[in-house]
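Q: Take this structure first; my questions come after.
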Amino acid sequence: MEPIRTFSGRIVALPINDIDTDQIIPARFLKVTDKAGLGAACFSDWRYEADGTPKPDFVLNQPDYQGAEVLIGGHNFGCGSSREHAPWALIGAGFKAVISTYFADIFRNNALKNGLLPIVVDEETHKQLISLAQEDPSSSVTVDLETQTVTLPDGRGVPFPIDSFARHCLINGVDQLGFVLTQDDHITAYESNHPGRVQTIPG
Amino acid sequence: MTASTPRTLFEKVWENHLVQPETQDTPAILYIDLHLVHEVTSPQAFTMLRERGLKVRRPDRTIATMDHSTPTTPRNAAGIIPVIDSMAAAQLDIMRKNCAEFGIPLYDLGTENQGIVHVIGPEQGLTQPGMTIVCGDSHTSTHGAFGALAFGIGTSEVGHVLASQCLLQNRPKTMAVRVNGRLSAGVTAKDIILAVIAKIGIGGGTGYVFEYMGEAIRELSMEGRMTICNMSIEGGARAGMVAPDDTTFDYIAGRPHAPKGTDWEKAVAQWRALPTDDGAVFDNEVILNADELVPMITYGTNPGMGMSITSAVPDPDKLSDVSQKIALDKALRYMDLQPGQSLLGKAIDVVFLGSCTNSRISDLREAAALIKGRRVAESVRMMVVPGSQQVKAQAEAEGLHEIFRAAGAEWREAGCSMCIAMNGDQLQPGQYAVSTSNRNFEGRQGKGGRTFLASPLTAVAAAVTGVVTDPRELSN
């Protein structure tokens, strides 16, 4: 994965609580066997009429918000299904980060594995970002992963927490599986001390 | 033996599986005993293995089945379940090819052990106390009913487990979910978990592993405990656990992958050491009284929007939190419901009895006992979808399928069916369903469809009356 250090992007607000991964990418789009093309189906049921025409009042369809790269979601973003198609779809739709007050655990893990930053901010900052996005579609923020800071249009820097290992991997372009595979000796030692009871293949 | 710090069930299982403990810079490396694989969340993981020239480290700790995108329509004259959707057919073919290439055993569509991934693990005796179990599916929490640590993962992590049998994990917090007292007639495990989620909210368990405890949990069958653990994720918790006891051991004994002979004695002795020690500390606690529970139903668009079936739909204007008010208002518009309205008497179109929450033999027995001698209302389509081919065969051996058919319900092949609506089984826009599944999200059961989550008994009561009905009125 390409290293991520800092980027600036315009913001768009979808201030709805508990946005579940079924809304981000409905199940009928999960019959794919690769990651391509999911961006077009991102928020499909909120974004399109039954005949496929875009709903003009949906924020992601509005011309002023085209090209926004940072999505401000409501509380508990990404709850529900474990489908990694959700971050794949958001990335496919052009997003580099999602900002919320908190994220569902599985979504947060999935996002971090794909370089989509789940940024947690306090409620005040969250409200401010929603207002900024709604009042001025040209508003942008700068995300700095090294300093763990998101800088608002007024210059205020807001720190955000992020798992230190995930951060290390994202900044340095380190692949997490590669790291696990370097632990092979430990895994083998564990296996010899813990033979386990269940075999799916009759031995 | 030295006296050690009292530990929770979760802590014992977690610590037993540490290949490397968590450090300041790196998460723990957790060993995974059993990896369940299905067709929808695995193809990209196998592609990654192929691209990197990696093997599956432990195919003997891995099992695959087909459930999500599989049709549940009847078999043809040749005994085959036809797959008409070409994308689904291609996805199933890729599952077969991946399993063959990487040496993973597969319960193929329509074969005797195929079924919903969270039904087959326990059924085959693969799910056992003290294990770590993962699957690319959020309802993996189901297996926690056996005192296993079981949770859903994404496709990248599916790839990690295939390649290394390990996961990088930060240690979650623990929450005791204590359900005191006893359930009254007509109130079930499903009502307990819907009440828990209504109390804590859909995000209330984020960052936690639940341990369900208390008299009401101890008295449940394994299948009831599975129903409860299954929906832990709907309260935001990745995993939910129940301490193993004789109910657990009785369920496992004699299943195909259960330990045999002296291995069984050894296993049970180890399992008896797993329950949370007296004095162990949880990070948080929630308490419910089962005596006070009545049948539950959801009214909104997430499983936290649930209430007693005798209650009225809440009023967004009475909520002080603006974002919650907006969420409830949006949900009621989608559901086309009014604040203050009772759901009792609300006409419904479809009843779905199935899913990894409520498709096991005891669910079908309970539903069949209530529907026997009654008819599904003319205006209602009722689908009964057994969780696995084994459940289907057992139900047929007991004649349950004839009871459902005589009542006018459809008796289908095993699979996720209308819970995920990516397999041909789905609601039409605007339709209302009473569903025994786990999610009432917008469009979850078909674009524009509206779902009331409830127990199998409440589902049957709605099917035979054509309207939302308190099942206790039917029981007598």
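Every chain in the structure tokens takes a letter, A first, then B, and so on in the order presented; its residues are numbered from 1, and the ligands are numbered from 1 following the presented order.
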Give me, as an NGL selection string, all polymer residues having an atom no more than 10 Å from A:Phe58, counting only C-alpha atoms and skipping those fewer than 3 positions away in the same chain.

A: :A and (14 or 43 or 46-48 or 54-55 or 61-62)

Q: Which neighbours of B:Pro82 fall inside 9 Å, counting only C-alpha atoms, when residues of the same chain fewer than 6 positions from it are skipped, and could you give them as a list in words?

A: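 Final neighbour list, sorted by chain and number: Pro71, Thr73, Pro74, Arg75 and Asn76 of chain B.
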
Q: Keeping only N, CA and C atoms, take the residues you just selected and write them out as a PDB file, in the first residue's frame.

A:
ATOM      1  N   PRO B  71     -29.578 -19.777  -3.618  1.00  0.00           N
ATOM      2  CA  PRO B  71     -31.048 -19.776  -3.621  1.00  0.00           C
ATOM      3  C   PRO B  71     -31.583 -20.810  -2.631  1.00  0.00           C
ATOM      4  N   THR B  73     -34.705 -22.051  -3.259  1.00  0.00           N
ATOM      5  CA  THR B  73     -35.813 -22.608  -4.051  1.00  0.00           C
ATOM      6  C   THR B  73     -35.689 -24.127  -4.122  1.00  0.00           C
ATOM      7  N   PRO B  74     -36.797 -24.829  -4.392  1.00  0.00           N
ATOM      8  CA  PRO B  74     -36.765 -26.301  -4.374  1.00  0.00           C
ATOM      9  C   PRO B  74     -35.786 -26.901  -5.396  1.00  0.00           C
ATOM     10  N   ARG B  75     -35.384 -28.120  -5.107  1.00  0.00           N
ATOM     11  CA  ARG B  75     -34.499 -28.865  -6.012  1.00  0.00           C
ATOM     12  C   ARG B  75     -35.246 -29.248  -7.284  1.00  0.00           C
ATOM     13  N   ASN B  76     -34.497 -29.444  -8.363  1.00  0.00           N
ATOM     14  CA  ASN B  76     -35.110 -29.917  -9.605  1.00  0.00           C
ATOM     15  C   ASN B  76     -35.219 -31.444  -9.571  1.00  0.00           C
TER      16      ASN B  76
END

Q: Considering only C-alpha atoms, extract the chain A residues located within 6 Å of chain B and return them as a ChimeraX atom specification.

A: /A:27-28,31,33-34,81-84,110,165,177,190,199-201

Q: As a list in words, please: the residues near stretch 138-142 of chain A (cut-off 6 Å, only C-alpha atoms, same-chain neighbours under 6 positions excluded).

A: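 Non-adjacent residues within range: Phe7, Ser8, Gly9, Arg10, Ile11, Val150, Thr151 and Leu152 of chain A.
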
Q: Can I get the selection written as a PDB file, in the first residue's frame, with C-alpha atoms?

A:
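Below is the file result_31.pdb, written as the result:
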ATOM      1  CA  PHE A   7      -3.543  15.130   2.674  1.00  0.00           C
ATOM      2  CA  SER A   8      -6.095  17.892   2.329  1.00  0.00           C
ATOM      3  CA  GLY A   9      -9.600  17.338   1.083  1.00  0.00           C
ATOM      4  CA  ARG A  10     -13.002  18.947   0.865  1.00  0.00           C
ATOM      5  CA  ILE A  11     -15.583  17.752   3.347  1.00  0.00           C
ATOM      6  CA  VAL A 150      -6.976  17.202  11.598  1.00  0.00           C
ATOM      7  CA  THR A 151      -6.739  20.907  10.812  1.00  0.00           C
ATOM      8  CA  LEU A 152     -10.001  22.791  10.340  1.00  0.00           C
TER       9      LEU A 152
END

Q: Could you tell me, as a list in words, which residues of stretch 325-393 of chain B DSSP assigns to strand (DSSP E) when given the backbone?

A: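 Residues of stretch 325-393 of chain B classed as strand (DSSP E): Val350, Val351, Phe352, Leu353, Arg381, Met382, Met383 and Val384 of chain B.
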
Q: Would you mind exporting all heavy atoms of the selected residues as a PDB file, in the first residue's frame?

A:
ATOM      1  N   VAL B 350     -45.378 -10.380   4.746  1.00  0.00           N
ATOM      2  CA  VAL B 350     -44.480 -11.529   4.687  1.00  0.00           C
ATOM      3  C   VAL B 350     -44.060 -11.923   6.101  1.00  0.00           C
ATOM      4  O   VAL B 350     -43.878 -11.054   6.959  1.00  0.00           O
ATOM      5  CB  VAL B 350     -43.212 -11.191   3.845  1.00  0.00           C
ATOM      6  CG1 VAL B 350     -42.201 -12.330   3.873  1.00  0.00           C
ATOM      7  CG2 VAL B 350     -43.596 -10.865   2.404  1.00  0.00           C
ATOM      8  N   VAL B 351     -43.912 -13.213   6.320  1.00  0.00           N
ATOM      9  CA  VAL B 351     -43.287 -13.695   7.551  1.00  0.00           C
ATOM     10  C   VAL B 351     -42.092 -14.552   7.146  1.00  0.00           C
ATOM     11  O   VAL B 351     -42.221 -15.454   6.314  1.00  0.00           O
ATOM     12  CB  VAL B 351     -44.273 -14.505   8.416  1.00  0.00           C
ATOM     13  CG1 VAL B 351     -43.543 -15.273   9.514  1.00  0.00           C
ATOM     14  CG2 VAL B 351     -45.306 -13.564   9.031  1.00  0.00           C
ATOM     15  N   PHE B 352     -40.941 -14.213   7.696  1.00  0.00           N
ATOM     16  CA  PHE B 352     -39.718 -14.981   7.409  1.00  0.00           C
ATOM     17  C   PHE B 352     -39.258 -15.675   8.693  1.00  0.00           C
ATOM     18  O   PHE B 352     -38.914 -15.028   9.677  1.00  0.00           O
ATOM     19  CB  PHE B 352     -38.629 -14.048   6.891  1.00  0.00           C
ATOM     20  CG  PHE B 352     -37.275 -14.706   6.760  1.00  0.00           C
ATOM     21  CD1 PHE B 352     -37.094 -15.827   5.955  1.00  0.00           C
ATOM     22  CD2 PHE B 352     -36.171 -14.205   7.445  1.00  0.00           C
ATOM     23  CE1 PHE B 352     -35.845 -16.440   5.840  1.00  0.00           C
ATOM     24  CE2 PHE B 352     -34.911 -14.808   7.331  1.00  0.00           C
ATOM     25  CZ  PHE B 352     -34.757 -15.930   6.533  1.00  0.00           C
ATOM     26  N   LEU B 353     -39.279 -16.997   8.655  1.00  0.00           N
ATOM     27  CA  LEU B 353     -38.767 -17.796   9.775  1.00  0.00           C
ATOM     28  C   LEU B 353     -37.468 -18.433   9.295  1.00  0.00           C
ATOM     29  O   LEU B 353     -37.484 -19.318   8.445  1.00  0.00           O
ATOM     30  CB  LEU B 353     -39.798 -18.867  10.161  1.00  0.00           C
ATOM     31  CG  LEU B 353     -39.407 -19.868  11.256  1.00  0.00           C
ATOM     32  CD1 LEU B 353     -39.026 -19.184  12.551  1.00  0.00           C
ATOM     33  CD2 LEU B 353     -40.546 -20.851  11.513  1.00  0.00           C
ATOM     34  N   ARG B 381     -47.483 -14.094   2.944  1.00  0.00           N
ATOM     35  CA  ARG B 381     -46.580 -15.124   2.450  1.00  0.00           C
ATOM     36  C   ARG B 381     -45.666 -15.509   3.606  1.00  0.00           C
ATOM     37  O   ARG B 381     -44.982 -14.650   4.168  1.00  0.00           O
ATOM     38  CB  ARG B 381     -45.739 -14.565   1.301  1.00  0.00           C
ATOM     39  CG  ARG B 381     -44.692 -15.541   0.813  1.00  0.00           C
ATOM     40  CD  ARG B 381     -43.740 -14.883  -0.170  1.00  0.00           C
ATOM     41  NE  ARG B 381     -42.857 -15.900  -0.762  1.00  0.00           N
ATOM     42  CZ  ARG B 381     -41.725 -15.634  -1.402  1.00  0.00           C
ATOM     43  NH1 ARG B 381     -41.335 -14.381  -1.565  1.00  0.00           N
ATOM     44  NH2 ARG B 381     -40.991 -16.607  -1.900  1.00  0.00           N
ATOM     45  N   MET B 382     -45.646 -16.781   3.977  1.00  0.00           N
ATOM     46  CA  MET B 382     -44.750 -17.211   5.044  1.00  0.00           C
ATOM     47  C   MET B 382     -43.698 -18.154   4.469  1.00  0.00           C
ATOM     48  O   MET B 382     -44.028 -19.156   3.829  1.00  0.00           O
ATOM     49  CB  MET B 382     -45.507 -17.920   6.159  1.00  0.00           C
ATOM     50  CG  MET B 382     -44.570 -18.361   7.291  1.00  0.00           C
ATOM     51  SD  MET B 382     -45.451 -19.148   8.662  1.00  0.00           S
ATOM     52  CE  MET B 382     -44.109 -19.380   9.842  1.00  0.00           C
ATOM     53  N   MET B 383     -42.434 -17.791   4.707  1.00  0.00           N
ATOM     54  CA  MET B 383     -41.312 -18.621   4.260  1.00  0.00           C
ATOM     55  C   MET B 383     -40.647 -19.251   5.477  1.00  0.00           C
ATOM     56  O   MET B 383     -40.290 -18.548   6.413  1.00  0.00           O
ATOM     57  CB  MET B 383     -40.267 -17.770   3.543  1.00  0.00           C
ATOM     58  CG  MET B 383     -40.775 -17.115   2.269  1.00  0.00           C
ATOM     59  SD  MET B 383     -39.569 -15.931   1.677  1.00  0.00           S
ATOM     60  CE  MET B 383     -38.248 -17.031   1.197  1.00  0.00           C
ATOM     61  N   VAL B 384     -40.479 -20.556   5.428  1.00  0.00           N
ATOM     62  CA  VAL B 384     -39.741 -21.243   6.484  1.00  0.00           C
ATOM     63  C   VAL B 384     -38.462 -21.777   5.851  1.00  0.00           C
ATOM     64  O   VAL B 384     -38.509 -22.570   4.905  1.00  0.00           O
ATOM     65  CB  VAL B 384     -40.561 -22.390   7.103  1.00  0.00           C
ATOM     66  CG1 VAL B 384     -39.787 -23.029   8.254  1.00  0.00           C
ATOM     67  CG2 VAL B 384     -41.913 -21.885   7.588  1.00  0.00           C
TER      68      VAL B 384
END

Q: With distances taken over only C-alpha atoms, which of B:His118, B:Arg450, B:Ile309, B:Glu410 is nearest to B:Asp336?

A: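 When distances to B:Asp336 are compared using only C-alpha atoms, the smallest one comes from B:Arg450.
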
Q: Please indicate the distance in Å from atom CA of B:Asp250 to atom CA of B:Thr436, rounded to one decimal place.

A: 26.0 Å

Q: Using only C-alpha atoms, which of A:Gly115, A:Pro153, A:Gly52, A:Gly94 sits nearest A:Ala68?

A: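 For A:Ala68, the nearest of the candidates is A:Gly94.
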
Q: Set the distance at 7 Å and use only C-alpha atoms: which residues neighbour A:Leu116 once local chain neighbours fewer than 2 positions away are removed? I'd like the list as a ChimeraX atom specification.

A: /A:87,91,96-97,111-112,114,118

Q: As a PDB file with C-alpha atoms, in the first residue's frame, please: every residue in stretch 61-297 of chain B that DSSP puts in helix (DSSP H, G or I).

A:
ATOM      1  CA  ARG B  61      -8.583 -25.694  10.896  1.00  0.00           C
ATOM      2  CA  SER B  86     -25.221 -15.860 -13.082  1.00  0.00           C
ATOM      3  CA  MET B  87     -23.186 -13.682 -10.674  1.00  0.00           C
ATOM      4  CA  ALA B  88     -24.141 -15.903  -7.744  1.00  0.00           C
ATOM      5  CA  ALA B  89     -23.334 -19.004  -9.805  1.00  0.00           C
ATOM      6  CA  ALA B  90     -19.914 -17.563 -10.651  1.00  0.00           C
ATOM      7  CA  GLN B  91     -19.268 -16.721  -7.005  1.00  0.00           C
ATOM      8  CA  LEU B  92     -20.155 -20.276  -5.935  1.00  0.00           C
ATOM      9  CA  ASP B  93     -17.910 -21.717  -8.659  1.00  0.00           C
ATOM     10  CA  ILE B  94     -15.023 -19.591  -7.401  1.00  0.00           C
ATOM     11  CA  MET B  95     -15.629 -20.908  -3.867  1.00  0.00           C
ATOM     12  CA  ARG B  96     -15.383 -24.480  -5.206  1.00  0.00           C
ATOM     13  CA  LYS B  97     -12.228 -23.670  -7.151  1.00  0.00           C
ATOM     14  CA  ASN B  98     -10.578 -21.899  -4.197  1.00  0.00           C
ATOM     15  CA  CYS B  99     -11.364 -24.753  -1.807  1.00  0.00           C
ATOM     16  CA  ALA B 100     -10.038 -27.355  -4.249  1.00  0.00           C
ATOM     17  CA  GLU B 101      -6.853 -25.400  -4.960  1.00  0.00           C
ATOM     18  CA  PHE B 102      -6.070 -24.643  -1.301  1.00  0.00           C
ATOM     19  CA  VAL B 117     -22.101 -20.974   8.473  1.00  0.00           C
ATOM     20  CA  HIS B 118     -23.180 -20.276  12.071  1.00  0.00           C
ATOM     21  CA  VAL B 119     -25.556 -23.209  12.115  1.00  0.00           C
ATOM     22  CA  ILE B 120     -23.144 -25.817  10.759  1.00  0.00           C
ATOM     23  CA  GLY B 121     -20.224 -25.137  13.120  1.00  0.00           C
ATOM     24  CA  PRO B 122     -22.147 -26.077  16.274  1.00  0.00           C
ATOM     25  CA  GLU B 123     -24.098 -28.777  14.463  1.00  0.00           C
ATOM     26  CA  SER B 138     -20.405 -10.350  11.816  1.00  0.00           C
ATOM     27  CA  HIS B 139     -22.749 -12.997  13.240  1.00  0.00           C
ATOM     28  CA  THR B 140     -19.788 -15.210  14.098  1.00  0.00           C
ATOM     29  CA  SER B 141     -20.575 -14.046  17.630  1.00  0.00           C
ATOM     30  CA  THR B 142     -23.132 -16.907  17.601  1.00  0.00           C
ATOM     31  CA  HIS B 143     -20.435 -19.461  18.502  1.00  0.00           C
ATOM     32  CA  GLY B 144     -19.747 -17.630  21.766  1.00  0.00           C
ATOM     33  CA  ALA B 145     -22.757 -19.505  23.177  1.00  0.00           C
ATOM     34  CA  PHE B 146     -20.321 -22.401  23.767  1.00  0.00           C
ATOM     35  CA  THR B 155     -11.857  -9.922   4.031  1.00  0.00           C
ATOM     36  CA  SER B 156      -8.300  -8.627   4.622  1.00  0.00           C
ATOM     37  CA  GLU B 157      -8.357 -10.434   7.952  1.00  0.00           C
ATOM     38  CA  VAL B 158      -9.793 -13.553   6.279  1.00  0.00           C
ATOM     39  CA  GLY B 159      -6.622 -13.451   4.193  1.00  0.00           C
ATOM     40  CA  HIS B 160      -4.473 -13.030   7.314  1.00  0.00           C
ATOM     41  CA  VAL B 161      -6.039 -16.070   8.966  1.00  0.00           C
ATOM     42  CA  LEU B 162      -5.835 -18.190   5.818  1.00  0.00           C
ATOM     43  CA  ALA B 163      -2.137 -17.385   5.476  1.00  0.00           C
ATOM     44  CA  SER B 164      -1.048 -17.392   9.128  1.00  0.00           C
ATOM     45  CA  ALA B 189     -34.256 -15.971  24.016  1.00  0.00           C
ATOM     46  CA  LYS B 190     -34.940 -13.655  21.054  1.00  0.00           C
ATOM     47  CA  ASP B 191     -36.960 -11.376  23.316  1.00  0.00           C
ATOM     48  CA  ILE B 192     -34.083 -11.262  25.821  1.00  0.00           C
ATOM     49  CA  ILE B 193     -31.557 -10.121  23.241  1.00  0.00           C
ATOM     50  CA  LEU B 194     -33.927  -7.626  21.602  1.00  0.00           C
ATOM     51  CA  ALA B 195     -34.524  -6.183  25.089  1.00  0.00           C
ATOM     52  CA  VAL B 196     -30.766  -6.007  25.790  1.00  0.00           C
ATOM     53  CA  ILE B 197     -30.143  -4.151  22.526  1.00  0.00           C
ATOM     54  CA  ALA B 198     -33.109  -1.823  23.050  1.00  0.00           C
ATOM     55  CA  LYS B 199     -31.626  -0.975  26.456  1.00  0.00           C
ATOM     56  CA  ILE B 200     -28.002  -0.344  25.457  1.00  0.00           C
ATOM     57  CA  GLU B 215     -30.490 -17.456  35.897  1.00  0.00           C
ATOM     58  CA  ALA B 216     -32.393 -16.790  32.667  1.00  0.00           C
ATOM     59  CA  ILE B 217     -29.284 -17.522  30.558  1.00  0.00           C
ATOM     60  CA  ARG B 218     -28.397 -20.679  32.501  1.00  0.00           C
ATOM     61  CA  MET B 222     -27.836 -24.098  23.591  1.00  0.00           C
ATOM     62  CA  GLU B 223     -29.981 -22.952  20.706  1.00  0.00           C
ATOM     63  CA  GLY B 224     -31.463 -20.151  22.815  1.00  0.00           C
ATOM     64  CA  ARG B 225     -27.965 -19.127  23.897  1.00  0.00           C
ATOM     65  CA  MET B 226     -26.892 -19.082  20.250  1.00  0.00           C
ATOM     66  CA  THR B 227     -29.797 -16.762  19.403  1.00  0.00           C
ATOM     67  CA  ILE B 228     -28.604 -14.376  22.098  1.00  0.00           C
ATOM     68  CA  CYS B 229     -24.897 -14.471  21.265  1.00  0.00           C
ATOM     69  CA  ASN B 230     -25.738 -14.154  17.554  1.00  0.00           C
ATOM     70  CA  MET B 231     -27.117 -10.654  18.041  1.00  0.00           C
ATOM     71  CA  SER B 232     -24.261  -9.350  20.237  1.00  0.00           C
ATOM     72  CA  ILE B 233     -23.023  -7.478  17.172  1.00  0.00           C
ATOM     73  CA  GLU B 234     -26.390  -5.693  16.929  1.00  0.00           C
ATOM     74  CA  GLY B 235     -25.500  -4.116  20.264  1.00  0.00           C
ATOM     75  CA  ASP B 246     -23.673 -29.342  31.357  1.00  0.00           C
ATOM     76  CA  THR B 247     -26.175 -27.946  28.841  1.00  0.00           C
ATOM     77  CA  THR B 248     -23.199 -27.147  26.602  1.00  0.00           C
ATOM     78  CA  PHE B 249     -21.510 -30.520  27.053  1.00  0.00           C
ATOM     79  CA  ASP B 250     -24.757 -32.429  26.456  1.00  0.00           C
ATOM     80  CA  TYR B 251     -25.237 -30.543  23.192  1.00  0.00           C
ATOM     81  CA  ILE B 252     -21.719 -31.293  21.929  1.00  0.00           C
ATOM     82  CA  GLY B 261     -13.671 -41.595  24.735  1.00  0.00           C
ATOM     83  CA  THR B 262     -10.926 -40.448  27.104  1.00  0.00           C
ATOM     84  CA  ASP B 263     -10.439 -37.324  24.964  1.00  0.00           C
ATOM     85  CA  TRP B 264     -13.995 -36.386  25.861  1.00  0.00           C
ATOM     86  CA  GLU B 265     -13.318 -36.720  29.599  1.00  0.00           C
ATOM     87  CA  LYS B 266     -10.158 -34.631  29.272  1.00  0.00           C
ATOM     88  CA  ALA B 267     -11.963 -32.003  27.231  1.00  0.00           C
ATOM     89  CA  VAL B 268     -14.850 -31.661  29.663  1.00  0.00           C
ATOM     90  CA  ALA B 269     -12.420 -31.308  32.567  1.00  0.00           C
ATOM     91  CA  GLN B 270     -10.681 -28.432  30.755  1.00  0.00           C
ATOM     92  CA  TRP B 271     -13.971 -26.832  29.774  1.00  0.00           C
ATOM     93  CA  ALA B 290     -36.380 -11.721  32.738  1.00  0.00           C
ATOM     94  CA  ASP B 291     -39.510 -11.800  34.929  1.00  0.00           C
ATOM     95  CA  GLU B 292     -40.531  -8.428  33.529  1.00  0.00           C
TER      96      GLU B 292
END

Q: In Å, how far is it from atom CA of A:Gly92 to atom CA of A:Ile24?

A: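 Result for atom CA of A:Gly92 versus atom CA of A:Ile24: 11.5 Å, one decimal.
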
Q: Using only C-alpha atoms, determine which residues lie at most 12 Å from A:Asp122, disregarding the query and same-chain residues fewer than 4 positions distant; provide the list as a list in words.

A: Gly74, His75, Ile99, Ser100, Thr101, Tyr102, His126, Lys127, Gln128, Leu129, Val150, Val158, Pro159, Phe160 and Pro161 of chain A

Q: Give me a file of those residues, with N, CA, C and O atoms, as a CSV table (one decimal), in the first residue's frame.

A:
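Okay, again_28.csv is ready:
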chain,number,residue,atom,x,y,z
A,74,GLY,N,-22.5,10.5,10.9
A,74,GLY,CA,-23.1,10.6,12.3
A,74,GLY,C,-22.4,9.6,13.2
A,74,GLY,O,-21.5,8.8,12.8
A,75,HIS,N,-22.9,9.6,14.5
A,75,HIS,CA,-22.3,8.7,15.5
A,75,HIS,C,-22.4,7.2,15.1
A,75,HIS,O,-23.3,6.8,14.4
A,99,ILE,N,-15.0,11.0,9.1
A,99,ILE,CA,-14.9,11.5,10.5
A,99,ILE,C,-16.2,11.3,11.2
A,99,ILE,O,-17.3,11.5,10.6
A,100,SER,N,-16.1,10.8,12.4
A,100,SER,CA,-17.3,10.6,13.2
A,100,SER,C,-16.9,10.7,14.7
A,100,SER,O,-15.7,10.9,15.0
A,101,THR,N,-17.9,10.6,15.6
A,101,THR,CA,-17.6,10.6,17.0
A,101,THR,C,-17.1,9.2,17.5
A,101,THR,O,-16.4,9.1,18.4
A,102,TYR,N,-17.6,8.1,16.8
A,102,TYR,CA,-17.1,6.8,17.0
A,102,TYR,C,-17.5,5.9,15.9
A,102,TYR,O,-18.5,6.2,15.2
A,126,HIS,N,-17.2,17.7,15.9
A,126,HIS,CA,-18.0,17.0,14.9
A,126,HIS,C,-19.1,17.9,14.4
A,126,HIS,O,-19.4,18.1,13.2
A,127,LYS,N,-19.8,18.6,15.4
A,127,LYS,CA,-20.9,19.6,15.0
A,127,LYS,C,-20.3,20.7,14.2
A,127,LYS,O,-21.0,21.1,13.2
A,128,GLN,N,-19.2,21.2,14.5
A,128,GLN,CA,-18.6,22.3,13.8
A,128,GLN,C,-18.3,21.8,12.3
A,128,GLN,O,-18.5,22.6,11.4
A,129,LEU,N,-17.8,20.6,12.2
A,129,LEU,CA,-17.4,20.1,10.8
A,129,LEU,C,-18.7,20.0,10.0
A,129,LEU,O,-18.7,20.3,8.8
A,150,VAL,N,-6.2,16.7,12.7
A,150,VAL,CA,-7.0,17.2,11.6
A,150,VAL,C,-7.1,18.7,11.8
A,150,VAL,O,-7.5,19.2,12.9
A,158,VAL,N,-7.0,19.7,15.5
A,158,VAL,CA,-7.7,18.8,16.5
A,158,VAL,C,-7.0,17.5,16.5
A,158,VAL,O,-6.9,16.8,15.4
A,159,PRO,N,-6.5,17.0,17.6
A,159,PRO,CA,-5.8,15.7,17.7
A,159,PRO,C,-6.8,14.6,17.5
A,159,PRO,O,-8.0,14.7,18.0
A,160,PHE,N,-6.4,13.5,16.9
A,160,PHE,CA,-7.3,12.3,16.9
A,160,PHE,C,-6.5,11.1,17.3
A,160,PHE,O,-5.3,11.0,17.0
A,161,PRO,N,-7.2,10.1,17.9
A,161,PRO,CA,-6.5,8.9,18.3
A,161,PRO,C,-6.5,7.9,17.1
A,161,PRO,O,-7.4,8.0,16.3

Q: For A:Thr147, which of A:Ala104, A:Ala50, A:Ile162, A:Val180 is the closest residue, counting only C-alpha atoms?

A: A:Ile162
